[in-house]
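What follows is the content of start31.txt, which has compact mmCIF, C-alpha atoms:
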# COMPACT_ATOMS: atom_id res chain seq x y z
CA MET A 1 -83.32 200.57 -38.84
CA LYS A 2 -79.56 200.53 -39.08
CA PHE A 3 -79.75 198.94 -42.52
CA PHE A 4 -80.87 202.24 -44.01
CA ARG A 5 -78.24 204.37 -42.33
CA PHE A 6 -77.47 207.39 -44.47
CA ASP A 7 -73.69 207.00 -44.42
CA ARG A 8 -73.96 203.34 -45.37
CA LEU A 9 -76.35 204.06 -48.25
CA ALA A 10 -74.13 206.95 -49.39
CA TRP A 11 -71.09 204.67 -49.40
CA ILE A 12 -72.89 202.01 -51.48
CA PHE A 13 -74.29 204.69 -53.80
CA MET A 14 -70.81 206.09 -54.48
CA ARG A 15 -69.56 202.68 -55.59
CA VAL A 16 -72.58 201.75 -57.71
CA SER A 17 -72.91 205.18 -59.34
CA GLY A 18 -69.16 205.39 -59.92
CA PHE A 19 -69.28 202.09 -61.78
CA LEU A 20 -72.28 203.17 -63.91
CA LEU A 21 -70.82 206.63 -64.57
CA ILE A 22 -67.72 205.15 -66.22
CA GLY A 23 -69.90 203.58 -68.93
CA LEU A 24 -72.26 206.56 -69.22
CA ILE A 25 -69.54 209.20 -69.44
CA PHE A 26 -67.43 207.38 -72.03
CA THR A 27 -70.49 206.63 -74.17
CA HIS A 28 -71.44 210.31 -73.90
CA LEU A 29 -67.93 211.45 -74.90
CA ILE A 30 -67.58 209.02 -77.81
CA VAL A 31 -71.04 209.78 -79.28
CA ASN A 32 -70.70 213.55 -78.90
CA LEU A 33 -67.05 214.16 -79.64
CA MET A 34 -65.79 211.35 -81.87
CA GLN A 35 -68.56 209.88 -84.02
CA ASP A 36 -69.97 211.46 -87.21
CA GLY A 37 -67.65 214.39 -87.75
CA GLY A 38 -66.40 214.62 -84.19
CA VAL A 39 -66.51 217.73 -82.06
CA LYS A 40 -67.16 220.02 -85.08
CA ALA A 41 -70.56 218.40 -85.63
CA ILE A 42 -71.91 219.71 -82.33
CA ASP A 43 -74.37 222.55 -82.78
CA PHE A 44 -77.87 223.41 -81.65
CA ALA A 45 -79.38 221.06 -84.22
CA PHE A 46 -77.21 218.15 -82.99
CA VAL A 47 -78.31 218.67 -79.37
CA ALA A 48 -81.95 219.24 -80.33
CA GLY A 49 -81.88 216.11 -82.44
CA LYS A 50 -80.45 214.03 -79.60
CA LEU A 51 -82.94 215.37 -77.07
CA ALA A 52 -85.83 214.52 -79.40
CA ASN A 53 -84.94 210.84 -79.03
CA PRO A 54 -86.41 209.14 -75.90
CA PHE A 55 -83.33 206.89 -75.61
CA TRP A 56 -80.97 209.85 -75.33
CA GLN A 57 -83.41 211.69 -73.06
CA TRP A 58 -83.30 208.86 -70.51
CA PHE A 59 -79.56 208.34 -71.06
CA ASP A 60 -78.83 212.01 -70.40
CA VAL A 61 -81.16 212.27 -67.44
CA THR A 62 -79.51 209.21 -65.82
CA LEU A 63 -76.08 210.70 -66.45
CA LEU A 64 -77.18 214.07 -65.06
CA TRP A 65 -78.69 212.70 -61.84
CA LEU A 66 -75.92 210.22 -61.11
CA ALA A 67 -73.11 212.68 -61.86
CA LEU A 68 -74.61 215.51 -59.80
CA ILE A 69 -75.50 213.35 -56.79
CA HIS A 70 -72.15 211.54 -56.97
CA GLY A 71 -70.25 214.82 -57.19
CA SER A 72 -72.20 216.60 -54.47
CA ASN A 73 -71.96 213.63 -52.13
CA GLY A 74 -68.19 213.73 -52.63
CA MET A 75 -68.32 217.43 -51.81
CA ARG A 76 -70.38 216.67 -48.68
CA VAL A 77 -67.64 214.27 -47.55
CA VAL A 78 -64.95 216.91 -48.13
CA ILE A 79 -66.95 219.46 -46.09
CA ASP A 80 -67.50 216.87 -43.34
CA ASP A 81 -63.77 216.14 -43.22
CA TYR A 82 -62.34 219.65 -43.36
CA VAL A 83 -64.85 222.18 -41.97
CA TYR A 84 -64.97 222.17 -38.18
CA ARG A 85 -67.08 225.22 -37.34
CA THR A 86 -70.72 224.17 -37.12
CA GLY A 87 -72.11 227.42 -38.55
CA VAL A 88 -69.85 227.38 -41.62
CA LYS A 89 -70.45 223.66 -42.08
CA ARG A 90 -74.23 224.07 -42.03
CA PHE A 91 -74.05 227.02 -44.45
CA LEU A 92 -71.90 225.05 -46.92
CA LEU A 93 -74.06 221.91 -46.70
CA VAL A 94 -77.29 223.88 -47.22
CA SER A 95 -75.71 225.74 -50.19
CA LEU A 96 -74.61 222.42 -51.63
CA VAL A 97 -78.11 220.90 -51.38
CA ILE A 98 -79.72 224.02 -52.91
CA SER A 99 -77.28 224.25 -55.83
CA THR A 100 -77.44 220.52 -56.57
CA THR A 101 -81.25 220.46 -56.43
CA THR A 102 -81.48 223.52 -58.70
CA LEU A 103 -79.14 221.98 -61.27
CA ILE A 104 -80.98 218.65 -61.23
CA VAL A 105 -84.41 220.29 -61.62
CA LEU A 106 -83.29 222.67 -64.40
CA GLY A 107 -81.36 219.96 -66.22
CA THR A 108 -84.23 217.50 -66.08
CA LEU A 109 -86.66 220.18 -67.32
CA VAL A 110 -84.40 221.00 -70.27
CA ILE A 111 -83.93 217.37 -71.25
CA PHE A 112 -87.64 216.51 -71.26
CA THR A 113 -89.23 219.79 -72.37
CA LEU A 114 -86.76 221.20 -74.91
CA ASP A 115 -88.70 222.42 -77.94
CA PRO A 116 -86.24 223.68 -80.55
CA CYS A 117 -89.01 225.35 -82.57
CA PRO A 118 -91.44 227.00 -80.10
CA VAL A 119 -94.70 228.02 -81.75
CA GLY A 120 -95.17 231.77 -82.13
CA SER A 121 -91.49 232.75 -81.86
CA PRO A 122 -90.10 235.39 -84.24
CA ALA A 123 -88.66 233.64 -87.31
CA ASP A 124 -85.21 235.28 -86.98
CA LEU A 125 -84.69 233.68 -83.55
CA LEU A 126 -85.44 230.13 -84.73
CA PRO A 127 -82.79 227.72 -86.04
CA SER A 128 -82.76 227.06 -89.74
CA PHE A 129 -84.18 223.53 -89.54
CA CYS A 130 -87.49 224.65 -88.06
CA PRO A 131 -90.46 224.67 -90.47
CA ALA A 132 -91.09 228.34 -89.74
CA GLY A 133 -87.42 229.28 -89.81
CA MET B 1 -6.77 201.89 -40.12
CA PRO B 2 -9.41 201.43 -37.36
CA GLU B 3 -8.50 199.06 -34.57
CA LEU B 4 -9.95 195.57 -35.10
CA GLY B 5 -13.07 194.83 -33.04
CA VAL B 6 -13.87 198.47 -32.41
CA VAL B 7 -17.32 199.36 -33.64
CA GLN B 8 -17.57 202.65 -35.46
CA SER B 9 -19.70 205.25 -33.70
CA PHE B 10 -21.06 208.46 -35.15
CA THR B 11 -22.92 211.56 -34.07
CA VAL B 12 -26.64 211.72 -34.72
CA THR B 13 -28.59 214.94 -34.33
CA PHE B 14 -32.05 214.51 -32.83
CA ILE B 15 -34.52 217.37 -33.07
CA VAL B 16 -37.18 216.70 -30.47
CA ARG B 17 -40.46 218.54 -30.09
CA ARG B 18 -40.56 219.61 -26.45
CA PHE B 19 -43.50 220.82 -24.42
CA ASN B 20 -43.80 221.46 -20.70
CA PRO B 21 -47.39 222.41 -19.80
CA GLU B 22 -46.20 224.25 -16.67
CA THR B 23 -43.88 226.68 -18.46
CA ASP B 24 -44.57 226.59 -22.22
CA GLN B 25 -47.42 228.15 -24.14
CA GLU B 26 -46.54 226.29 -27.33
CA PRO B 27 -44.37 223.25 -28.14
CA TYR B 28 -40.89 224.04 -29.53
CA TRP B 29 -38.09 222.09 -31.24
CA GLN B 30 -34.84 221.36 -29.40
CA ASP B 31 -31.78 219.64 -30.88
CA PHE B 32 -29.44 217.14 -29.22
CA ASP B 33 -26.22 215.60 -30.57
CA VAL B 34 -25.86 211.98 -29.50
CA ASP B 35 -23.00 209.53 -30.02
CA MET B 36 -24.51 206.35 -31.46
CA TYR B 37 -23.82 203.01 -33.17
CA SER B 38 -25.61 201.71 -36.25
CA THR B 39 -27.08 198.87 -34.17
CA ASP B 40 -28.78 201.39 -31.86
CA ARG B 41 -32.42 202.32 -32.08
CA VAL B 42 -34.13 205.71 -31.79
CA LEU B 43 -35.20 204.69 -28.27
CA ASP B 44 -31.50 204.31 -27.32
CA GLY B 45 -30.92 207.84 -28.57
CA LEU B 46 -33.78 209.14 -26.40
CA HIS B 47 -32.38 207.23 -23.42
CA LYS B 48 -28.95 208.79 -23.95
CA ILE B 49 -30.52 212.27 -24.10
CA LYS B 50 -32.53 211.66 -20.93
CA TRP B 51 -29.72 209.97 -18.97
CA GLU B 52 -26.76 212.05 -20.10
CA GLN B 53 -27.97 215.43 -21.37
CA ASP B 54 -31.44 216.50 -20.22
CA GLY B 55 -33.25 214.52 -17.53
CA SER B 56 -36.45 216.48 -18.08
CA LEU B 57 -37.15 214.84 -21.47
CA SER B 58 -40.35 212.83 -21.05
CA PHE B 59 -41.47 209.84 -23.09
CA ARG B 60 -43.21 206.52 -22.50
CA ARG B 61 -41.53 203.16 -22.89
CA SER B 62 -41.93 199.90 -21.11
CA CYS B 63 -40.68 196.67 -22.64
CA ALA B 64 -38.49 198.41 -25.23
CA HIS B 65 -38.84 195.43 -27.58
CA GLY B 66 -41.85 196.21 -29.75
CA ILE B 67 -44.45 194.33 -27.69
CA CYS B 68 -45.95 196.73 -25.14
CA GLY B 69 -46.78 199.49 -27.60
CA SER B 70 -45.83 202.34 -25.25
CA ASP B 71 -43.33 204.26 -27.37
CA ALA B 72 -45.22 205.08 -30.55
CA MET B 73 -44.02 208.46 -31.80
CA ARG B 74 -43.64 210.44 -34.98
CA ILE B 75 -40.11 209.86 -36.30
CA ASN B 76 -39.20 211.89 -39.38
CA GLY B 77 -42.91 212.46 -39.99
CA ARG B 78 -43.91 208.79 -39.79
CA ASN B 79 -45.56 207.01 -36.89
CA ARG B 80 -43.11 204.40 -35.60
CA LEU B 81 -42.17 202.58 -32.41
CA ALA B 82 -38.94 204.18 -31.16
CA CYS B 83 -37.77 200.74 -30.01
CA LYS B 84 -38.20 199.19 -33.47
CA THR B 85 -36.65 202.00 -35.52
CA LEU B 86 -32.96 201.31 -36.12
CA ILE B 87 -30.55 204.19 -36.61
CA LYS B 88 -29.08 202.40 -39.63
CA ASP B 89 -32.46 202.60 -41.39
CA LEU B 90 -32.57 206.40 -41.06
CA ASP B 91 -30.68 208.99 -43.10
CA ILE B 92 -28.36 210.31 -40.38
CA SER B 93 -26.72 212.86 -42.66
CA LYS B 94 -29.82 214.86 -41.73
CA PRO B 95 -31.27 215.41 -38.25
CA VAL B 96 -33.78 212.89 -36.94
CA TYR B 97 -37.04 214.63 -36.05
CA VAL B 98 -38.95 213.12 -33.13
CA GLU B 99 -42.33 214.35 -31.92
CA ALA B 100 -45.44 213.06 -30.17
CA ILE B 101 -48.14 211.23 -32.13
CA LYS B 102 -50.80 213.60 -33.50
CA GLY B 103 -54.51 213.89 -32.86
CA LEU B 104 -54.46 213.14 -29.12
CA PRO B 105 -54.08 215.84 -26.42
CA LEU B 106 -50.38 216.59 -25.80
CA GLU B 107 -49.42 216.22 -22.12
CA LYS B 108 -45.64 216.64 -22.04
CA ASP B 109 -42.84 216.28 -24.62
CA LEU B 110 -43.55 212.93 -26.34
CA ILE B 111 -46.41 211.92 -24.05
CA VAL B 112 -50.05 212.26 -25.12
CA ASP B 113 -53.32 211.55 -23.32
CA MET B 114 -54.33 208.11 -24.62
CA GLU B 115 -57.80 208.14 -23.01
CA PRO B 116 -59.81 209.14 -26.15
CA PHE B 117 -58.04 206.30 -27.97
CA PHE B 118 -58.90 203.73 -25.28
CA ALA B 119 -62.46 205.07 -25.01
CA ALA B 120 -63.04 204.23 -28.69
CA TYR B 121 -61.42 200.83 -28.10
CA ARG B 122 -63.74 200.03 -25.18
CA GLU B 123 -66.78 201.12 -27.16
CA VAL B 124 -66.49 198.29 -29.72
CA GLN B 125 -66.66 195.67 -26.91
CA PRO B 126 -63.29 194.04 -27.55
CA PHE B 127 -63.91 190.81 -25.64
CA LEU B 128 -65.36 187.39 -26.46
CA GLN B 129 -69.12 187.25 -25.95
CA SER B 130 -70.86 183.90 -25.75
CA THR B 131 -74.32 183.31 -24.31
CA SER B 132 -74.11 179.58 -23.70
CA THR B 133 -71.71 177.87 -21.34
CA PRO B 134 -70.27 175.02 -23.40
CA ASP B 135 -70.01 171.67 -21.61
CA LYS B 136 -67.18 170.62 -23.87
CA GLU B 137 -64.32 172.30 -25.68
CA ASN B 138 -65.38 175.10 -28.02
CA ILE B 139 -63.70 173.83 -31.15
CA GLN B 140 -62.37 176.17 -33.82
CA SER B 141 -60.72 174.93 -37.01
CA PRO B 142 -57.33 176.28 -38.14
CA GLU B 143 -59.15 177.93 -41.07
CA GLN B 144 -61.63 179.65 -38.74
CA ARG B 145 -58.73 180.84 -36.57
CA ALA B 146 -56.81 182.09 -39.60
CA ARG B 147 -59.79 184.27 -40.58
CA PHE B 148 -58.99 186.86 -37.90
CA ASP B 149 -55.34 186.03 -37.22
CA ASP B 150 -53.98 189.30 -38.62
CA THR B 151 -56.02 191.50 -36.28
CA THR B 152 -54.99 189.55 -33.15
CA LYS B 153 -51.52 191.08 -33.49
CA CYS B 154 -52.54 194.58 -32.37
CA ILE B 155 -50.57 195.98 -29.39
CA LEU B 156 -52.68 199.16 -28.97
CA CYS B 157 -49.76 201.51 -29.59
CA ALA B 158 -52.07 204.01 -31.40
CA ALA B 159 -49.63 204.46 -34.29
CA CYS B 160 -52.42 203.71 -36.79
CA THR B 161 -55.18 205.83 -35.26
CA THR B 162 -52.89 208.85 -34.85
CA SER B 163 -51.67 208.57 -38.46
CA CYS B 164 -55.25 208.79 -39.78
CA PRO B 165 -56.12 212.20 -41.30
CA VAL B 166 -59.81 211.70 -40.53
CA PHE B 167 -58.94 211.14 -36.86
CA TRP B 168 -56.79 214.29 -36.84
CA THR B 169 -59.68 216.48 -37.95
CA ASP B 170 -62.53 214.60 -36.26
CA GLY B 171 -61.69 213.14 -32.87
CA GLN B 172 -65.12 211.46 -32.78
CA TYR B 173 -64.12 208.89 -35.42
CA PHE B 174 -63.54 205.45 -33.88
CA GLY B 175 -60.18 205.19 -35.64
CA PRO B 176 -58.38 202.22 -37.20
CA ALA B 177 -57.29 200.54 -33.94
CA ALA B 178 -60.83 200.26 -32.57
CA ILE B 179 -62.05 198.82 -35.88
CA VAL B 180 -59.16 196.32 -35.86
CA ALA B 181 -60.21 195.28 -32.33
CA ALA B 182 -63.80 194.86 -33.50
CA HIS B 183 -62.66 192.89 -36.55
CA ARG B 184 -60.79 190.47 -34.29
CA PHE B 185 -64.07 189.42 -32.61
CA ILE B 186 -66.54 189.98 -35.48
CA PHE B 187 -64.78 187.28 -37.49
CA ASP B 188 -64.20 184.93 -34.52
CA SER B 189 -66.40 181.83 -35.00
CA ARG B 190 -66.84 181.48 -31.19
CA ASP B 191 -68.19 185.00 -30.70
CA GLU B 192 -71.92 185.75 -30.76
CA ALA B 193 -72.02 189.55 -30.65
CA ALA B 194 -70.76 190.34 -34.16
CA GLN B 195 -74.02 192.12 -35.03
CA VAL B 196 -73.80 194.33 -31.95
CA ARG B 197 -70.32 195.51 -32.98
CA LEU B 198 -71.36 195.96 -36.60
CA ASP B 199 -74.26 198.15 -35.47
CA ILE B 200 -71.84 200.26 -33.38
CA LEU B 201 -69.45 200.68 -36.33
CA ASN B 202 -72.27 201.25 -38.85
CA SER B 203 -72.69 204.78 -37.48
CA LYS B 204 -71.77 208.24 -38.67
CA GLU B 205 -68.42 208.08 -36.86
CA GLY B 206 -67.88 204.42 -37.69
CA VAL B 207 -66.34 202.61 -40.64
CA TRP B 208 -67.92 204.92 -43.24
CA ARG B 209 -65.57 207.75 -42.25
CA CYS B 210 -62.60 205.69 -43.47
CA ARG B 211 -61.25 207.20 -46.69
CA THR B 212 -58.85 204.31 -47.42
CA THR B 213 -55.71 206.47 -47.38
CA PHE B 214 -53.68 203.47 -46.11
CA ASN B 215 -51.81 205.67 -43.56
CA CYS B 216 -52.77 203.18 -40.84
CA THR B 217 -51.44 200.15 -42.73
CA GLU B 218 -48.20 202.01 -43.41
CA ALA B 219 -47.83 203.02 -39.75
CA CYS B 220 -48.60 199.68 -38.06
CA PRO B 221 -45.42 198.35 -36.38
CA ARG B 222 -46.97 194.87 -36.35
CA GLY B 223 -47.63 194.82 -40.09
CA ILE B 224 -51.38 194.39 -39.74
CA GLU B 225 -53.27 195.01 -42.99
CA ILE B 226 -55.52 197.53 -41.27
CA THR B 227 -57.18 199.12 -44.29
CA LYS B 228 -58.09 195.63 -45.51
CA ALA B 229 -59.57 194.79 -42.10
CA ILE B 230 -61.64 198.00 -42.15
CA SER B 231 -62.89 197.13 -45.65
CA GLU B 232 -63.88 193.66 -44.44
CA VAL B 233 -65.91 195.24 -41.65
CA LYS B 234 -67.57 197.57 -44.20
CA GLN B 235 -68.34 194.52 -46.33
CA ALA B 236 -69.76 192.66 -43.32
CA THR B 237 -72.17 195.53 -42.52
CA ILE B 238 -73.51 195.21 -46.07
CA SER B 239 -73.60 191.50 -46.80
CA GLY B 240 -73.24 189.90 -43.36
CA VAL B 241 -70.33 188.17 -41.66
CA ARG B 242 -68.58 185.38 -43.54
CA ARG B 243 -66.33 183.63 -41.07
Take the structure in the file and write it out as structure tokens.
Amino acid sequence: MKFFRFDRLAWIFMRVSGFLLIGLIFTHLIVNLMQDGGVKAIDFAFVAGKLANPFWQWFDVTLLWLALIHGSNGMRVVIDDYVYRTGVKRFLLVSLVISTTTLIVLGTLVIFTLDPCPVGSPADLLPSFCPAG
Amino acid sequence: MPELGVVQSFTVTFIVRRFNPETDQEPYWQDFDVDMYSTDRVLDGLHKIKWEQDGSLSFRRSCAHGICGSDAMRINGRNRLACKTLIKDLDISKPVYVEAIKGLPLEKDLIVDMEPFFAAYREVQPFLQSTSTPDKENIQSPEQRARFDDTTKCILCAACTTSCPVFWTDGQYFGPAAIVAAHRFIFDSRDEAAQVRLDILNSKEGVWRCRTTFNCTEACPRGIEITKAISEVKQATISGVRR
């Protein structure tokens, strides 16, 4: 059905995600760089602490997915507009899909599975706040 | 002191992009000095070149008064009608560059093949479609008429479509003029085929290729708010037609 045309959905997605990203990005910047000691407070413990909180896990995963899909869709449009040779175009589009998918999968894995104190690791590799460290 | 009643004339240099398919491999620039008055238009300059200096210069013009849309060309890098561009509005301390509109196949000098442009125009079905034969007058209120008034002004000169960077790189794109033509009937309360046209424009080469650069609005010699019309068509494919 025409209603679900890819270009139409992509156009709507760009507007909706753009609107959401403004809020998400500024919240991200303010919390990370300005509150509680500002940029100097960022270290492994700060990130590990944030990613232990389900709210920030879902916040970050939303930001990650929206930003990557928004950015890569913009890149798709640029390729569509400026690359004429079919072979080069296909190569660039496939590379774009592969790199975006890889980043989304790795990022999502990190956000949900990060364990700052893995059991059985040598003590000198663990951060100081771990019980074994 | 100049004699009373004598209008001051001055020399304007035109640099015209020439191309003769029978002898030239590539287009080249040629300059002409023309004696002109500030009330003259670029079209008058081209006439003087053709009639007095070089009869082989080729360009289209018909009514010469901004209605027929034949003489759209690129004047100092902007798409304009030669018959509506006054010499007094140009900086004549520098040469005036005149070339054919871009994105359509060049045929000779300032003449391009308009067929791809008209093909896109035909494709959006730019005519009133009504299934029933009314037995009385098909009444339309002034408000309903005003809804699509802006897009009725199009003269099909192709200045908008050939100023569009997406059209330059992708000749498959319908282009602003075809979408304007579709808009004129999509928002007409008497027309019944709005959905057909929206389906045609809701395609890969339809309205979604528009990047809202506003080149078309800037180029339109009729002052149509083209980018706005395209956005209204985009809106209509999402939330339906509001006439």
Taking only residues of chain A that have an atom at most 7 Å from an atom of chain B, what is each one's shortest atom pair and its distance in Å to one decimal, using all atoms listed in the file, in chain and number order, as a tab-separated table?
residue	atom	partner	partner_atom	distance
A:Lys2	CA	B:Asp199	CA	6.8
A:Asp7	CA	B:Lys204	CA	6.2
A:Arg8	CA	B:Trp208	CA	6.6
A:Trp11	CA	B:Trp208	CA	6.9
A:Asp81	CA	B:Val166	CA	6.5
A:Tyr82	CA	B:Thr169	CA	6.8
Using only C-alpha atoms, which residue out of B:Arg80, B:Lys102, B:Arg122, B:Arg60 lies closest to B:Cys220?
-> B:Arg80
Selection: 12 Å around A:Asn53, all atoms listed in the file, excl. self and same-chain fewer than 6 positions, as a PyMOL selection string = chain A and resi 46-47+59-60+111-114
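Taking atom CA of B:Tyr97 and atom CA of B:Cys164 as the two end points, the separation is 19.5 Å.
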As a check of understanding: the span from atom CA of B:Asp135 to atom CA of B:Ser189 is 17.2 Å
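The gap separating atom CA of B:Lys94 from atom CA of B:Arg61 is 25.1 Å, in Å to one decimal.
Comparing the minimum interatomic distances between A:Trp58 and each of A:Thr108, A:Met34, A:Val94, A:Phe129, counting only C-alpha atoms, we find that A:Thr108 sits nearest.
Closest approach to B:Gln172 among B:Phe127, B:Trp29, B:Phe117, B:Phe187: B:Phe117, based on all atoms listed in the file.
The residue that comes closest to B:Thr152, out of B:Ile226, B:Val241, B:Val233, B:Ile92 and on the basis of only C-alpha atoms, is B:Ile226.
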Within 6 Å of B:Cys157 using all atoms listed in the file, minus same-chain residues under 2 positions, as a list in words | Gly69, Ser70, Ala72, Ile155 and Ala159 of chain B
Write to file, as an mmCIF file, in the frame of the given file, the residues of the selection just made, with C-alpha atoms.
data_model
loop_
_atom_site.group_PDB
_atom_site.id
_atom_site.type_symbol
_atom_site.label_atom_id
_atom_site.label_comp_id
_atom_site.auth_asym_id
_atom_site.auth_seq_id
_atom_site.Cartn_x
_atom_site.Cartn_y
_atom_site.Cartn_z
ATOM 1 C CA GLY B 69 -46.780 199.490 -27.600
ATOM 2 C CA SER B 70 -45.830 202.340 -25.250
ATOM 3 C CA ALA B 72 -45.220 205.080 -30.550
ATOM 4 C CA ILE B 155 -50.570 195.980 -29.390
ATOM 5 C CA ALA B 159 -49.630 204.460 -34.290
#
Write out as JSON, numbers by chain the residues lying within 12 Å of A:Thr101, counting all atoms listed in the file and excluding same-chain residues fewer than 3 positions away.
-> {"A": [64, 65, 68, 69, 72, 94, 95, 96, 97, 98, 104, 105, 106, 107, 108]}
For A:Gly74, which of A:Gly49, A:Pro122, A:Gly38, A:Gly18 is the closest residue, counting only C-alpha atoms?
-> A:Gly18
Judged by all atoms listed in the file, the minimum distance to A:Cys117 among A:Val77, A:Ile22, A:Leu63, A:Ala52 is found for A:Ala52
